[in-house]
Amino acid sequence: MIMLITGGQRSGKSRYAQDLALSLTPNPVYLATSRIWDEEFRQRVLRHQADRGPKWTNIEEEKLLSRHDLTGRVVVIDCVTLWCTNFFFDNQGQVEASLEQIKREFDALVRQDATFLFVTNELGLGGVPMDETQRKFTDLQGWVNQYIASKADKVVLMVSGIALKIK
């Protein structure tokens, strides 16, 4: 099963995904895609890991999500936006190369027999970014979200902590 949970920043996406995962299994997997950019962010990651507690299996993976055997597990992938960021920067802002690599990795991951809860941001709900790099990334993020949504069994839009069923 593939589910996409999308919405704006601080809309309740991660909390919704984590609560859903815990309702489906006593020992879910949290697959974190962020790079550690600085010490403040490292502390934030450690705080989030501690908040989730011992029920969770925490995996830190910047890009190659499919290299982990997740068969039979309930997995929260948090988040698609940070995952896309890693490809985008490694490809020096080349949108097409990033998009193809992300699609290939997504397809490889979801071949596993598992329940996947993808958390992502709806960047396109805001205004048009002022600089070229931000516009390119917003385009990439939108196309990745569309791709995942097209493959998903369910899509939920989070607005102010409220889950709205889209698909």
# chains A, B, ... in the order shown; residues from 1 in each chain; ligands from 1
>>> closest_atom_pairs(of="range 60-104 of chain A", to="range 31-48 of chain A", cutoff="10 Å", atoms="only C-alpha atoms", output="CSV")
residue,atom,partner,partner_atom,distance
A:Glu60,CA,A:Ala32,CA,4.9
A:Glu61,CA,A:Thr33,CA,5.1
A:Glu62,CA,A:Thr33,CA,4.5
A:Lys63,CA,A:Thr33,CA,6.9
A:Leu64,CA,A:Thr33,CA,9.3
A:Leu65,CA,A:Leu31,CA,8.0
A:His68,CA,A:Leu31,CA,9.6
A:Val75,CA,A:Leu31,CA,6.7
A:Val76,CA,A:Leu31,CA,5.9
A:Ile77,CA,A:Leu31,CA,4.8
A:Asp78,CA,A:Ala32,CA,5.2
A:Cys79,CA,A:Thr33,CA,6.0
A:Val80,CA,A:Thr33,CA,7.5
A:Thr81,CA,A:Thr33,CA,8.7
A:Leu82,CA,A:Ser34,CA,5.4
A:Trp83,CA,A:Thr33,CA,5.2
A:Cys84,CA,A:Thr33,CA,9.0
A:Thr85,CA,A:Ser34,CA,8.6
A:Asn86,CA,A:Arg35,CA,7.6
>>> residues_around(residues="Arg10 in chain A", least_positions_apart="6", cutoff="10 Å", atoms="only C-alpha atoms", output="list in words")
Asn121, Met158, Val159, Ser160 and Gly161 of chain A
>>> atom_distance(atom1="CA of Leu117 in chain A", atom2="CA of Gly72 in chain A")
13.4 Å
>>> closest_residue(among="A:Leu157, A:Pro28, A:Thr71, A:Ala152", to="Met3 in chain A", atoms="only C-alpha atoms")
A:Ala152
>>> select_by_dssp(residues="chain A", states="helix (DSSP H, G or I)", output="PyMOL selection string")
chain A and resi 13-24+39-52+65-67+80-90+95-110+123-125+132-151
>>> select_by_dssp(residues="chain A", states="strand (DSSP E or B)", output="NGL selection string")
:A and (2-7 or 29-32 or 57-60 or 74-78 or 115-121 or 154-159 or 162-165)
>>> closest_residue(among="A:Glu122, A:Asp51, A:Asp19, A:Asp113", to="Thr138 in chain A", atoms="only C-alpha atoms")
A:Glu122
>>> atom_distance(atom1="CA of Gly124 in chain A", atom2="CA of Leu164 in chain A")
17.7 Å
>>> atom_distance(atom1="CA of Ala17 in chain A", atom2="CA of Gln134 in chain A")
26.8 Å
>>> residues_around(residues="Arg104 in chain A", least_positions_apart="2", cutoff="12 Å", atoms="only C-alpha atoms", output="ChimeraX atom specification")
/A:63-66,97-102,106-111,144,147-148
>>> closest_residue(among="A:Gln18, A:Ser23, A:Ile166, A:Phe88", to="Lys136 in chain A", atoms="only C-alpha atoms")
A:Phe88
>>> closest_residue(among="A:Val95, A:Ile162, A:Val155, A:Val74", to="Leu20 in chain A", atoms="only C-alpha atoms")
A:Val74
>>> residues_around(residues="Thr57 in chain A", least_positions_apart="3", cutoff="10 Å", atoms="only C-alpha atoms", output="ChimeraX atom specification")
/A:27-31,49,52-54,75
>>> write_last_selection(atoms="N, CA, C and O atoms", output="CSV table (one decimal), in the first residue's frame")
chain,number,residue,atom,x,y,z
A,27,ASN,N,5.4,-1.6,15.8
A,27,ASN,CA,6.9,-1.3,15.6
A,27,ASN,C,7.1,-0.8,14.1
A,27,ASN,O,7.7,-1.5,13.3
A,28,PRO,N,6.7,0.5,13.9
A,28,PRO,CA,6.9,1.0,12.5
A,28,PRO,C,8.3,1.4,12.3
A,28,PRO,O,9.1,1.5,13.2
A,29,VAL,N,8.6,1.7,11.0
A,29,VAL,CA,9.9,2.2,10.6
A,29,VAL,C,9.8,3.7,10.2
A,29,VAL,O,8.8,4.1,9.6
A,30,TYR,N,10.7,4.5,10.7
A,30,TYR,CA,10.8,5.9,10.3
A,30,TYR,C,12.0,6.0,9.4
A,30,TYR,O,13.1,5.9,9.9
A,31,LEU,N,11.8,6.3,8.1
A,31,LEU,CA,12.9,6.4,7.2
A,31,LEU,C,13.1,7.9,6.9
A,31,LEU,O,12.3,8.6,6.2
A,49,GLN,N,14.0,11.9,17.1
A,49,GLN,CA,14.2,10.4,17.4
A,49,GLN,C,13.8,10.0,18.8
A,49,GLN,O,13.1,9.0,19.0
A,52,ARG,N,10.0,10.0,19.2
A,52,ARG,CA,9.3,8.8,18.7
A,52,ARG,C,9.5,7.6,19.6
A,52,ARG,O,8.6,6.8,19.7
A,53,GLY,N,10.6,7.5,20.3
A,53,GLY,CA,10.8,6.5,21.3
A,53,GLY,C,11.2,5.1,20.7
A,53,GLY,O,11.4,5.0,19.5
A,54,PRO,N,11.2,4.1,21.6
A,54,PRO,CA,11.8,2.8,21.2
A,54,PRO,C,10.9,1.9,20.3
A,54,PRO,O,11.3,0.9,19.8
A,75,VAL,N,6.1,1.8,6.9
A,75,VAL,CA,7.2,2.7,6.8
A,75,VAL,C,6.7,4.2,6.6
A,75,VAL,O,6.0,4.4,5.6
